[in-house]
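start.cif follows (mmCIF, C-alpha atoms and all ligand atoms):
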```cif
data_target
loop_
_atom_site.label_atom_id
_atom_site.label_comp_id
_atom_site.auth_asym_id
_atom_site.auth_seq_id
_atom_site.Cartn_x
_atom_site.Cartn_y
_atom_site.Cartn_z
CA MET A 2 96.40 92.49 351.09
CA LEU A 3 97.96 95.75 352.16
CA SER A 4 97.43 95.08 355.83
CA GLY A 5 100.92 93.59 356.15
CA TYR A 6 102.52 96.75 355.09
CA ASN A 7 100.09 98.96 356.94
CA ARG A 8 101.23 97.23 360.07
CA CYS A 9 104.76 98.37 359.30
CA GLU A 10 103.53 101.98 359.63
CA ILE A 11 105.89 103.05 356.94
CA MET A 12 103.70 105.34 354.88
CA ASP A 13 103.86 108.25 357.26
CA THR A 14 107.58 108.36 357.81
CA PRO A 15 108.36 110.30 354.67
CA SER A 16 112.04 111.04 355.09
CA THR A 17 112.93 107.42 355.40
CA ARG A 18 112.57 106.05 351.94
CA ARG A 19 115.50 103.77 352.43
CA GLN A 20 113.96 102.47 355.62
CA PHE A 21 110.76 101.93 353.65
CA LEU A 22 112.60 99.95 351.01
CA ARG A 23 114.51 97.97 353.64
CA GLN A 24 111.29 97.10 355.41
CA SER A 25 109.65 96.33 352.10
CA LEU A 26 112.42 93.95 351.17
CA CYS A 27 111.91 92.18 354.50
CA VAL A 28 108.25 91.86 353.71
CA VAL A 29 109.03 90.50 350.26
CA ALA A 30 111.65 88.16 351.69
CA ALA A 31 109.16 86.91 354.23
CA GLY A 32 106.88 86.08 351.30
CA ILE A 33 104.12 88.34 352.57
CA LEU A 34 103.88 90.53 349.46
CA PRO A 35 105.15 90.26 345.90
CA TRP A 36 107.57 92.99 344.77
CA SER A 37 105.00 94.37 342.30
CA ALA A 38 102.63 95.09 345.18
CA ILE A 39 105.38 96.83 347.14
CA LYS A 40 106.22 98.91 344.08
CA ALA A 41 102.59 99.83 343.56
CA ALA A 42 102.34 100.75 347.22
CA ALA A 43 105.46 102.89 346.93
CA GLU A 44 103.91 104.67 343.97
CA GLU A 45 100.72 105.19 345.89
CA ASN A 46 102.79 106.61 348.69
CA VAL A 47 103.67 109.67 346.59
CA SER A 48 100.54 110.23 344.54
CA GLY A 49 97.19 111.91 345.16
CA PRO A 50 97.04 113.32 348.68
CA ARG A 51 100.66 112.28 349.24
CA SER A 52 102.00 114.14 346.20
CA LEU A 53 104.10 117.28 346.32
CA ARG A 54 101.27 119.21 344.73
CA ALA A 55 98.74 118.16 347.37
CA HIS A 56 101.13 118.99 350.20
CA ALA A 57 101.98 122.35 348.61
CA GLN A 58 98.35 123.20 348.04
CA ALA A 59 97.51 122.47 351.68
CA HIS A 60 99.95 125.25 352.58
CA GLY A 61 98.89 127.72 349.90
CA LEU A 62 102.02 127.07 347.86
CA LEU A 63 102.76 126.35 344.25
CA VAL A 64 105.16 123.54 343.40
CA GLY A 65 106.32 122.18 340.09
CA CYS A 66 109.09 121.75 337.58
CA ALA A 67 110.57 122.65 334.25
CA VAL A 68 109.22 120.50 331.45
CA VAL A 69 110.06 119.41 327.91
CA PRO A 70 107.03 119.22 325.59
CA GLU A 71 108.29 116.20 323.62
CA LYS A 72 108.55 114.15 326.82
CA LEU A 73 105.06 115.17 327.92
CA ALA A 74 103.77 113.86 324.62
CA ASP A 75 105.90 110.73 324.20
CA GLU A 76 106.79 109.37 327.61
CA THR A 77 103.84 108.29 329.72
CA PRO A 78 105.67 107.97 333.08
CA TYR A 79 107.13 111.45 332.54
CA ALA A 80 103.71 112.95 331.78
CA ASN A 81 102.05 111.07 334.65
CA THR A 82 104.66 112.17 337.15
CA VAL A 83 104.43 115.80 336.07
CA ALA A 84 100.63 115.68 336.16
CA GLN A 85 100.66 114.06 339.57
CA GLN A 86 103.26 116.21 341.31
CA ALA A 87 103.04 119.74 339.94
CA ASN A 88 100.53 122.54 340.16
CA LEU A 89 102.86 124.93 338.34
CA LEU A 90 105.01 124.27 335.26
CA VAL A 91 107.65 126.16 333.34
CA ALA A 92 109.09 125.44 329.90
CA GLU A 93 112.73 124.38 330.20
CA ASN A 94 113.54 125.74 326.74
CA ALA A 95 110.36 126.01 324.65
CA MET A 96 109.63 129.67 325.36
CA LYS A 97 113.15 130.99 324.82
CA TRP A 98 113.93 133.13 321.78
CA ARG A 99 115.83 130.33 320.07
CA ALA A 100 112.81 128.03 320.27
CA LEU A 101 110.14 130.58 319.44
CA ARG A 102 111.94 132.49 316.67
CA PRO A 103 113.35 130.18 313.97
CA ALA A 104 113.60 133.23 311.69
CA PRO A 105 113.17 136.98 312.25
CA ASP A 106 109.68 136.93 310.74
CA LYS A 107 108.64 133.47 311.96
CA TYR A 108 107.26 132.36 315.33
CA ASN A 109 106.93 128.73 316.37
CA PHE A 110 104.47 128.51 319.24
CA ALA A 111 103.51 124.84 318.81
CA PRO A 112 105.78 123.28 321.51
CA ALA A 113 105.02 126.03 324.04
CA ASP A 114 101.31 125.78 323.27
CA ALA A 115 101.50 122.04 323.88
CA ILE A 116 102.84 122.70 327.38
CA LEU A 117 100.04 125.19 328.00
CA ALA A 118 97.45 122.65 326.84
CA PHE A 119 98.97 120.03 329.18
CA ALA A 120 98.92 122.49 332.08
CA ASN A 121 95.31 123.43 331.40
CA ALA A 122 94.28 119.78 331.15
CA HIS A 123 95.83 119.07 334.54
CA ASP A 124 94.74 122.19 336.35
CA GLN A 125 98.26 123.56 336.55
CA GLY A 126 99.59 127.08 336.20
CA LEU A 127 102.35 127.87 333.73
CA ARG A 128 105.29 130.26 334.06
CA GLY A 129 106.74 131.91 331.00
CA HIS A 130 110.53 131.68 330.69
CA ASN A 131 111.78 134.05 329.32
CA LEU A 132 111.33 137.23 327.34
CA CYS A 133 114.81 138.72 327.49
CA TRP A 134 118.09 136.89 328.13
CA HIS A 135 121.63 137.07 326.79
CA GLU A 136 121.57 133.31 326.04
CA ALA A 137 119.42 131.09 323.81
CA LEU A 138 119.30 133.77 321.14
CA PRO A 139 118.69 132.45 317.62
CA ASP A 140 121.55 132.28 315.14
CA TRP A 141 120.04 135.09 313.04
CA PHE A 142 120.28 137.46 316.02
CA GLN A 143 123.93 138.29 315.46
CA THR A 144 123.57 139.22 311.82
CA THR A 145 120.17 140.90 312.06
CA VAL A 146 120.03 142.88 315.29
CA THR A 147 121.81 146.24 315.30
CA HIS A 148 121.99 149.37 317.45
CA GLU A 149 119.35 150.86 315.16
CA ASN A 150 116.73 148.12 315.34
CA ALA A 151 117.43 146.33 318.67
CA ARG A 152 114.89 148.24 320.72
CA GLN A 153 112.20 147.65 318.13
CA ILE A 154 113.04 143.95 317.82
CA LEU A 155 112.95 143.50 321.60
CA THR A 156 109.60 145.24 322.01
CA THR A 157 108.03 143.49 319.01
CA HIS A 158 109.11 140.11 320.40
CA ILE A 159 107.66 140.85 323.82
CA GLN A 160 104.43 142.27 322.41
CA HIS A 161 103.99 139.25 320.20
CA VAL A 162 104.96 136.54 322.68
CA ALA A 163 103.41 138.00 325.84
CA GLY A 164 100.39 138.90 323.69
CA HIS A 165 100.08 135.32 322.45
CA PHE A 166 99.90 134.02 326.03
CA ALA A 167 97.99 136.98 327.50
CA GLY A 168 95.70 135.99 330.36
CA LYS A 169 96.96 132.40 330.31
CA LEU A 170 100.13 132.41 332.42
CA HIS A 171 100.89 132.62 336.12
CA SER A 172 104.03 134.72 335.61
CA TRP A 173 106.71 135.69 333.12
CA ASP A 174 110.45 135.80 333.66
CA VAL A 175 110.65 139.10 331.81
CA VAL A 176 114.38 139.61 332.22
CA ASN A 177 116.73 136.75 333.02
CA GLU A 178 120.23 137.08 334.50
CA ALA A 179 120.80 140.79 333.82
CA ILE A 180 123.22 141.29 336.73
CA ASP A 181 126.87 140.27 336.73
CA VAL A 182 128.99 142.08 339.29
CA LYS A 183 132.18 140.75 337.68
CA ASP A 184 131.55 143.04 334.72
CA GLY A 185 132.35 145.93 337.04
CA ARG A 186 129.60 148.41 336.13
CA PRO A 187 128.25 150.57 338.97
CA ASP A 188 124.69 149.50 338.13
CA GLY A 189 125.76 145.85 338.21
CA LEU A 190 124.38 145.15 334.74
CA ARG A 191 125.92 142.32 332.78
CA LYS A 192 127.68 143.20 329.55
CA SER A 193 125.16 141.50 327.30
CA PRO A 194 123.96 141.98 323.73
CA TRP A 195 120.88 143.75 325.08
CA LEU A 196 122.91 146.18 327.15
CA ASP A 197 125.20 146.83 324.23
CA LEU A 198 122.50 147.21 321.58
CA VAL A 199 119.67 148.89 323.51
CA GLY A 200 121.40 150.43 326.54
CA PRO A 201 120.76 150.05 330.28
CA ASP A 202 117.09 150.93 330.00
CA TYR A 203 116.42 147.65 328.15
CA VAL A 204 115.31 146.15 331.47
CA GLU A 205 112.70 148.83 332.01
CA ILE A 206 111.57 148.64 328.38
CA ALA A 207 111.09 144.88 328.67
CA PHE A 208 108.96 145.11 331.81
CA ARG A 209 106.80 147.98 330.51
CA THR A 210 106.22 146.20 327.20
CA ALA A 211 105.31 142.94 328.91
CA HIS A 212 102.81 144.71 331.14
CA LYS A 213 101.15 146.38 328.15
CA ALA A 214 100.83 143.02 326.41
CA ASP A 215 99.44 141.19 329.46
CA ALA A 216 98.28 143.34 332.35
CA LYS A 217 97.37 140.34 334.54
CA VAL A 218 100.51 138.20 334.54
CA LEU A 219 103.05 138.53 337.38
CA LEU A 220 106.25 140.03 336.03
CA THR A 221 109.44 138.53 337.41
CA TYR A 222 113.15 139.33 337.42
CA ASN A 223 115.02 136.00 337.53
CA ASP A 224 118.67 135.37 338.45
CA TYR A 225 121.20 132.85 339.80
CA GLY A 226 124.20 133.01 342.11
CA ILE A 227 122.28 134.87 344.83
CA GLU A 228 121.79 132.05 347.29
CA LEU A 229 125.02 131.70 349.30
CA ASP A 230 126.66 133.81 351.98
CA THR A 231 129.82 134.44 349.93
CA PRO A 232 131.05 138.02 349.31
CA GLU A 233 130.43 137.66 345.57
CA GLN A 234 126.86 136.46 345.99
CA GLU A 235 126.22 139.09 348.67
CA GLN A 236 127.28 141.76 346.15
CA LYS A 237 125.05 140.27 343.51
CA ARG A 238 122.05 140.25 345.86
CA ALA A 239 122.73 143.91 346.63
CA GLN A 240 122.74 144.72 342.90
CA VAL A 241 119.51 142.80 342.31
CA LEU A 242 117.87 144.71 345.16
CA ALA A 243 119.19 147.99 343.78
CA LEU A 244 117.78 147.11 340.35
CA VAL A 245 114.37 146.29 341.80
CA LYS A 246 114.44 149.55 343.81
CA ARG A 247 115.33 151.58 340.71
CA LEU A 248 112.52 149.95 338.74
CA LYS A 249 109.98 150.44 341.54
CA SER A 250 110.98 154.09 342.01
CA ARG A 251 110.22 154.62 338.31
CA HIS A 252 106.87 152.84 338.66
CA VAL A 253 107.96 150.03 336.36
CA PRO A 254 105.58 147.07 336.73
CA ILE A 255 107.52 144.30 338.51
CA HIS A 256 105.95 141.88 340.94
CA ALA A 257 108.39 139.14 341.80
CA VAL A 258 112.00 138.02 341.92
CA GLY A 259 112.93 134.52 340.84
CA ILE A 260 115.80 132.92 342.71
CA GLN A 261 117.02 130.20 340.37
CA SER A 262 118.62 128.09 343.11
CA HIS A 263 121.01 125.91 341.13
CA LEU A 264 122.88 124.66 344.19
CA THR A 265 125.90 122.41 344.51
CA ALA A 266 126.28 119.96 347.39
CA GLY A 267 129.50 120.59 349.28
CA GLU A 268 129.74 124.23 348.24
CA GLY A 269 128.18 125.96 351.22
CA ILE A 270 124.73 126.33 352.64
CA PRO A 271 122.48 129.32 352.06
CA GLY A 272 121.82 131.30 355.21
CA ALA A 273 121.22 134.72 356.72
CA GLY A 274 122.09 136.69 353.58
CA LEU A 275 119.41 134.99 351.51
CA ARG A 276 116.87 135.32 354.31
CA GLU A 277 117.54 139.05 354.57
CA PHE A 278 117.30 139.42 350.77
CA ILE A 279 113.87 137.79 350.71
CA ARG A 280 112.74 140.00 353.60
CA GLU A 281 113.93 143.15 351.83
CA LEU A 282 111.94 142.08 348.78
CA ARG A 283 108.91 141.56 350.98
CA ALA A 284 109.30 145.10 352.32
CA MET A 285 109.08 146.22 348.67
CA ASP A 286 105.91 144.19 348.23
CA MET A 287 107.62 141.65 346.00
CA GLN A 288 106.77 137.98 345.77
CA VAL A 289 109.63 135.48 345.51
CA PHE A 290 109.66 132.31 343.43
CA ILE A 291 112.24 129.55 343.68
CA THR A 292 112.40 129.04 339.96
CA GLU A 293 115.03 126.45 338.98
CA LEU A 294 115.96 124.44 342.05
CA ASP A 295 118.39 121.55 341.71
CA VAL A 296 121.46 120.33 343.59
CA SER A 297 124.46 119.17 341.63
CA ASP A 298 126.31 116.26 343.22
CA HIS A 299 129.39 116.60 341.00
CA LYS A 300 131.63 117.50 343.94
CA LEU A 301 130.52 114.54 346.04
CA THR A 302 132.33 111.25 346.28
CA GLY A 303 130.98 108.30 348.22
CA SER A 304 128.24 105.81 347.59
CA ALA A 305 124.99 106.65 345.82
CA ALA A 306 123.18 106.50 349.16
CA GLU A 307 125.65 108.92 350.77
CA ARG A 308 125.35 111.32 347.87
CA ASP A 309 121.55 111.06 347.97
CA ASP A 310 121.55 111.92 351.66
CA ALA A 311 123.76 114.98 351.14
CA VAL A 312 121.67 116.23 348.20
CA ALA A 313 118.38 115.68 350.02
CA LYS A 314 119.73 117.39 353.14
CA LEU A 315 120.64 120.48 351.15
CA TYR A 316 117.17 120.51 349.57
CA GLY A 317 115.61 120.23 353.02
CA ASP A 318 117.79 122.91 354.62
CA TYR A 319 117.32 125.25 351.68
CA LEU A 320 113.57 124.87 351.46
CA SER A 321 113.11 125.20 355.22
CA LEU A 322 114.99 128.49 355.08
CA VAL A 323 113.14 130.02 352.13
CA LEU A 324 109.68 128.64 352.90
CA ALA A 325 109.79 130.26 356.34
CA GLU A 326 109.40 133.56 354.47
CA PRO A 327 105.75 134.24 353.63
CA ASN A 328 106.43 136.08 350.34
CA VAL A 329 108.00 132.90 348.89
CA LYS A 330 105.05 131.54 346.94
CA ALA A 331 106.35 128.91 344.56
CA VAL A 332 109.04 126.24 344.27
CA LEU A 333 110.00 124.75 340.92
CA THR A 334 112.71 122.19 340.35
CA TRP A 335 114.65 122.30 337.09
CA GLY A 336 113.22 119.04 335.82
CA ILE A 337 111.30 116.24 337.48
CA THR A 338 113.50 113.19 336.81
CA ASP A 339 117.25 112.57 337.00
CA LYS A 340 116.82 111.00 333.56
CA TYR A 341 116.70 114.38 331.87
CA THR A 342 118.55 116.79 334.12
CA TRP A 343 120.61 119.47 332.39
CA LEU A 344 123.25 118.88 335.12
CA ASN A 345 124.50 115.79 333.29
CA HIS A 346 125.78 118.27 330.68
CA GLN A 347 126.38 121.35 332.82
CA HIS A 348 128.21 119.61 335.70
CA ARG A 349 129.23 116.27 334.29
CA ARG A 350 130.67 114.05 337.03
CA SER A 351 134.31 113.13 336.48
CA ASP A 352 133.56 109.48 337.34
CA GLY A 353 130.95 109.34 334.57
CA LEU A 354 128.09 108.54 336.95
CA GLN A 355 124.68 110.16 336.43
CA GLN A 356 123.69 113.14 338.55
CA ARG A 357 121.16 112.31 341.29
CA CYS A 358 119.60 115.69 341.80
CA LEU A 359 115.82 115.70 341.39
CA PRO A 360 112.71 114.34 343.17
CA PHE A 361 112.40 111.33 340.85
CA ASP A 362 115.12 108.98 339.67
CA VAL A 363 115.67 107.69 336.14
CA GLU A 364 112.94 105.08 336.67
CA TYR A 365 110.46 107.60 338.02
CA GLN A 366 110.77 106.34 341.58
CA PRO A 367 110.76 109.00 344.30
CA THR A 368 114.21 109.88 345.61
CA PRO A 369 115.20 111.18 349.06
CA VAL A 370 114.88 114.64 347.49
CA PHE A 371 111.16 114.01 347.03
CA PHE A 372 110.69 113.29 350.73
CA ALA A 373 112.90 116.21 351.80
CA MET A 374 110.79 118.50 349.62
CA ARG A 375 107.54 117.16 350.97
CA ASP A 376 108.70 117.53 354.58
CA ALA A 377 109.78 121.11 353.89
CA LEU A 378 106.42 121.95 352.29
CA ASP A 379 104.70 120.55 355.36
CA ALA A 380 106.79 122.69 357.66
CA ARG A 381 105.44 125.83 355.98
CA ARG A 382 102.95 127.62 358.19
CA ARG A 383 99.41 127.45 356.84
CA PRO A 384 98.21 130.67 355.16
C1 LIG B 401 119.12 125.52 330.49
C2 LIG B 401 118.39 124.26 330.01
O1 LIG B 401 118.12 123.45 331.11
C3 LIG B 401 119.24 123.51 329.03
O2 LIG B 401 118.51 122.43 328.45
C4 LIG B 401 119.73 124.44 327.91
O3 LIG B 401 120.62 123.75 327.07
C5 LIG B 401 120.42 125.66 328.50
O4 LIG B 401 119.53 126.31 329.40
N1 LIG B 401 119.36 129.34 333.86
C6 LIG B 401 118.19 129.47 333.15
C7 LIG B 401 117.68 128.34 332.35
O5 LIG B 401 117.52 130.51 333.29
O6 LIG B 401 116.97 128.76 331.21
C8 LIG B 401 118.80 127.41 331.94
O7 LIG B 401 118.22 126.28 331.28
C9 LIG B 401 119.61 127.00 333.14
C10 LIG B 401 120.24 128.20 333.80
#
```

Will you turn the file into structure tokens for me?
Ligand code: XIL
Amino acid sequence: MLSGYNRCEIMDTPSTRRQFLRQSLCVVAAGILPWSAIKAAAEENVSGPRSLRAHAQAHGLLVGCAVVPEKLADETPYANTVAQQANLLVAENAMKWRALRPAPDKYNFAPADAILAFANAHDQGLRGHNLCWHEALPDWFQTTVTHENARQILTTHIQHVAGHFAGKLHSWDVVNEAIDVKDGRPDGLRKSPWLDLVGPDYVEIAFRTAHKADAKVLLTYNDYGIELDTPEQEQKRAQVLALVKRLKSRHVPIHAVGIQSHLTAGEGIPGAGLREFIRELRAMDMQVFITELDVSDHKLTGSAAERDDAVAKLYGDYLSLVLAEPNVKAVLTWGITDKYTWLNHQHRRSDGLQQRCLPFDVEYQPTPVFFAMRDALDARRRP
């Protein structure tokens, strides 16, 4: 039955999903195949050996996405897509302080544990995100944490949380978004509650405590706004490098830098500055993970197809650039389906349309982003 569509030789032209659909419609119109068979074939086209995870694995790479435990449990297409496409997961929110610490003396590990169980069941790694950040702090933080107890509360949290997951995670984002050049400090540190309450050595304390709690997990510094060749982002990259150098010179355990990669179509294309940054990290023996990749289309006008092309092109260009660097080991998108992207809240489109920013659309069909990602994974040199 599939011979008709095999003859079209459409399965191996990955970047041409629209062409595939156009051809498929012709086949349907010609009465050769029912639409359900075309749809099934399209699904087959991106699963198993044609999935992102299979293509990543063939090149020694990890690929995956941020996930929401409730969706994994309640929405079968969501769970199936995540299981099919990812060999590495990260909790979008379930491992943040606000989620884990409903009260100072109470931990709620159930949602995060559910993600870990899902990952284990599907032979996937799991990243921890995150142990120390100025956002997603619980409401009790402000009234409970003081200059006197902040250091203790930070270390207890890390001991407890990293201890709970010890030996079970691929990596931890130990410190998230600690640099903000706009705050004007010579060390580049952001004016955050942690800086204020603990002092600048909070970063070092967090990494050392995490290492004591889990000696095996890769410890990561994660940040955003370090992708483009603008003066501001160049300065931020320099401060991140300086921070990593300071930590390494003091023998602080740190193994990787996470480049969040929340990009915006129409806002510039990452280039030489990012490449150089990744190379400098390699010279310091640091791995690099692309931790939160997505492309907002809120600045784009034009038809859905035009926007899709621009978003997919940026994905392709970006991934080709970073995956050419051998210390880049993992790529995670911030979500798997446009249905649940945070960008619909973060960068709401003024025309009210949904963001089209991830490898699967709201109906769990692969988008041009999917094919751009898969092509870029394939272009990676084999290990
Ligand atoms: C975002 C989540 O996607 C949202 O659901 C939540 O409301 C706010 O946080 N940088 C990070 C992530 O490190 O944790 C953020 O995730 C996105 C920006």

As an exercise, work out the distance from atom CA of Phe166 of chain A to atom CA of Thr210 of chain A in Å and give it to one decimal place.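 Separation between atom CA of Phe166 of chain A and atom CA of Thr210 of chain A: 13.8 Å.
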
Please write as an MDAnalysis selection string the list of polymer residues whose atoms come within 9 Å of (110.3, 111.3, 333.1), counting all atoms listed in the file and keeping to the coordinates of the file. chainID A and resid 72:73 76:83 336:341 361:365

Go ahead and fit an axis-aligned box to every listed atom of segment 52-67 of chain A plus 3 Å each side, and pass me the centre and edge lengths in Å, one decimal, as JSON.
```
{"center_x": 104.0, "center_y": 120.9, "center_z": 343.4, "size_x": 19.1, "size_y": 19.6, "size_z": 24.3}
```

Two-atom distance - atom CA of Arg209 of chain A, atom CA of Ala151 of chain A (Å):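 We find that atom CA of Arg209 of chain A and atom CA of Ala151 of chain A lie 16.0 Å from each other.
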
Test item: residues lying within 10 Å of ligand LIG 401 (chain B) with all atoms listed in the file, as a ChimeraX atom specification: /A:67-69,91-97,130-131,134,136-137,174,176-178,223-225,259-263,292-294,335-336,341-344,346-347

Nearest to Ala100 of chain A, chosen from A:Leu138, A:Ala211, A:Leu320, A:Ala74, with all atoms listed in the file counted in the distances: A:Leu138

Distance of atom CA of Leu264 of chain A from atom CA of Val312 of chain A, expressed in Å to one decimal place: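 Those two atoms sit 9.4 Å apart.
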
Which polymer residues have any atom within 10 Å of an atom of His56 of chain A, counting only C-alpha atoms, with same-chain residues fewer than 2 positions away left out, as an mmCIF file with C-alpha atoms, in the frame of the given file?
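Written file, result.cif:
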```cif
data_model
loop_
_atom_site.group_PDB
_atom_site.id
_atom_site.type_symbol
_atom_site.label_atom_id
_atom_site.label_comp_id
_atom_site.auth_asym_id
_atom_site.auth_seq_id
_atom_site.Cartn_x
_atom_site.Cartn_y
_atom_site.Cartn_z
ATOM 1 C CA GLY A 49 97.190 111.910 345.160
ATOM 2 C CA PRO A 50 97.040 113.320 348.680
ATOM 3 C CA ARG A 51 100.660 112.280 349.240
ATOM 4 C CA SER A 52 102.000 114.140 346.200
ATOM 5 C CA LEU A 53 104.100 117.280 346.320
ATOM 6 C CA ARG A 54 101.270 119.210 344.730
ATOM 7 C CA GLN A 58 98.350 123.200 348.040
ATOM 8 C CA ALA A 59 97.510 122.470 351.680
ATOM 9 C CA HIS A 60 99.950 125.250 352.580
ATOM 10 C CA GLY A 61 98.890 127.720 349.900
ATOM 11 C CA LEU A 62 102.020 127.070 347.860
ATOM 12 C CA LEU A 63 102.760 126.350 344.250
ATOM 13 C CA VAL A 64 105.160 123.540 343.400
ATOM 14 C CA GLN A 86 103.260 116.210 341.310
ATOM 15 C CA MET A 374 110.790 118.500 349.620
ATOM 16 C CA ARG A 375 107.540 117.160 350.970
ATOM 17 C CA ASP A 376 108.700 117.530 354.580
ATOM 18 C CA ALA A 377 109.780 121.110 353.890
ATOM 19 C CA LEU A 378 106.420 121.950 352.290
ATOM 20 C CA ASP A 379 104.700 120.550 355.360
ATOM 21 C CA ARG A 381 105.440 125.830 355.980
#
```

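Of the listed residues (A:His158, A:His123, A:Lys213, A:His171), A:His171 comes nearest to Ala257 of chain A; the distances count only C-alpha atoms.
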
Closest to Ile279 of chain A among A:Ala120, A:Ala113, A:Ile154, A:Leu322, using all atoms listed in the file?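 Distance minimum relative to Ile279 of chain A lands on A:Leu322.
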
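Proximity of A:Ser321, A:Asn121, A:Thr145, A:Ser172 to Ala380 of chain A, computed with only C-alpha atoms, is greatest for A:Ser321.
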
May I have the protein, DNA and RNA residues with an atom at most 6 Å from (123.4, 113.6, 341.1), counting only C-alpha atoms in the file's coordinates, returned as a tab-separated table (two decimals) with C-alpha atoms, in the frame of the given file?
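Result went into part-v2.tsv, see below:
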```
chain	number	residue	atom	x	y	z
A	297	SER	CA	124.46	119.17	341.63
A	298	ASP	CA	126.31	116.26	343.22
A	355	GLN	CA	124.68	110.16	336.43
A	356	GLN	CA	123.69	113.14	338.55
A	357	ARG	CA	121.16	112.31	341.29
A	358	CYS	CA	119.60	115.69	341.80
```

Which residue out of A:Asp124, A:Lys107, A:Arg102, A:Gln240 has the minimum interatomic distance to Arg186 of chain A when only C-alpha atoms are used?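 Result for the nearest residue to Arg186 of chain A: A:Gln240.
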
Can you work out which one of A:Ile255, A:Leu132, A:Leu315, A:Ala273 has the shortest atom-to-atom distance to Asp295 of chain A, counting all atoms listed in the file?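 The closest residue to Asp295 of chain A is A:Leu315.
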
For segment 227-233 of chain A, work out the shell of residues within 6 Å, counting all atoms listed in the file and skipping chain neighbours fewer than 3 positions away, then give it as a PyMOL selection string. chain A and resi 236+238+271+274-275

Can you tell me, as JSON, numbers by chain, what residues are no more than 10 Å from Val289 of chain A when counting all atoms listed in the file, ignoring any on the same chain fewer than 6 positions away? {"A": [221, 222, 223, 256, 257, 258, 259, 260, 279, 280, 282, 283, 323, 326, 327, 328, 329, 330, 331, 332]}

Write out N, CA, C and O atoms for segment 327-338 of chain A, as a CSV table (one decimal), keeping the file's coordinate frame.
```
chain,number,residue,atom,x,y,z
A,327,PRO,N,107.1,134.3,354.2
A,327,PRO,CA,105.8,134.2,353.6
A,327,PRO,C,105.6,134.8,352.2
A,327,PRO,O,104.6,134.4,351.5
A,328,ASN,N,106.6,135.6,351.7
A,328,ASN,CA,106.4,136.1,350.3
A,328,ASN,C,107.0,135.1,349.3
A,328,ASN,O,106.9,135.3,348.1
A,329,VAL,N,107.6,134.0,349.8
A,329,VAL,CA,108.0,132.9,348.9
A,329,VAL,C,106.8,132.1,348.6
A,329,VAL,O,106.2,131.4,349.4
A,330,LYS,N,106.4,132.1,347.3
A,330,LYS,CA,105.0,131.5,346.9
A,330,LYS,C,105.1,130.3,346.1
A,330,LYS,O,104.1,129.6,345.9
A,331,ALA,N,106.3,130.0,345.5
A,331,ALA,CA,106.4,128.9,344.6
A,331,ALA,C,107.7,128.3,344.6
A,331,ALA,O,108.7,129.0,344.8
A,332,VAL,N,107.8,127.0,344.4
A,332,VAL,CA,109.0,126.2,344.3
A,332,VAL,C,109.0,125.4,343.0
A,332,VAL,O,108.1,124.5,342.9
A,333,LEU,N,109.9,125.6,342.1
A,333,LEU,CA,110.0,124.8,340.9
A,333,LEU,C,111.4,124.1,340.9
A,333,LEU,O,112.4,124.8,341.0
A,334,THR,N,111.4,122.8,340.6
A,334,THR,CA,112.7,122.2,340.4
A,334,THR,C,113.0,122.2,338.8
A,334,THR,O,112.1,122.3,338.0
A,335,TRP,N,114.3,122.2,338.5
A,335,TRP,CA,114.6,122.3,337.1
A,335,TRP,C,114.6,120.9,336.5
A,335,TRP,O,115.7,120.3,336.2
A,336,GLY,N,113.4,120.4,336.3
A,336,GLY,CA,113.2,119.0,335.8
A,336,GLY,C,112.5,118.3,336.9
A,336,GLY,O,112.4,118.7,338.1
A,337,ILE,N,112.0,117.1,336.5
A,337,ILE,CA,111.3,116.2,337.5
A,337,ILE,C,112.1,114.9,337.7
A,337,ILE,O,112.0,114.4,338.8
A,338,THR,N,112.8,114.5,336.7
A,338,THR,CA,113.5,113.2,336.8
A,338,THR,C,115.0,113.3,336.5
A,338,THR,O,115.3,114.1,335.5
```
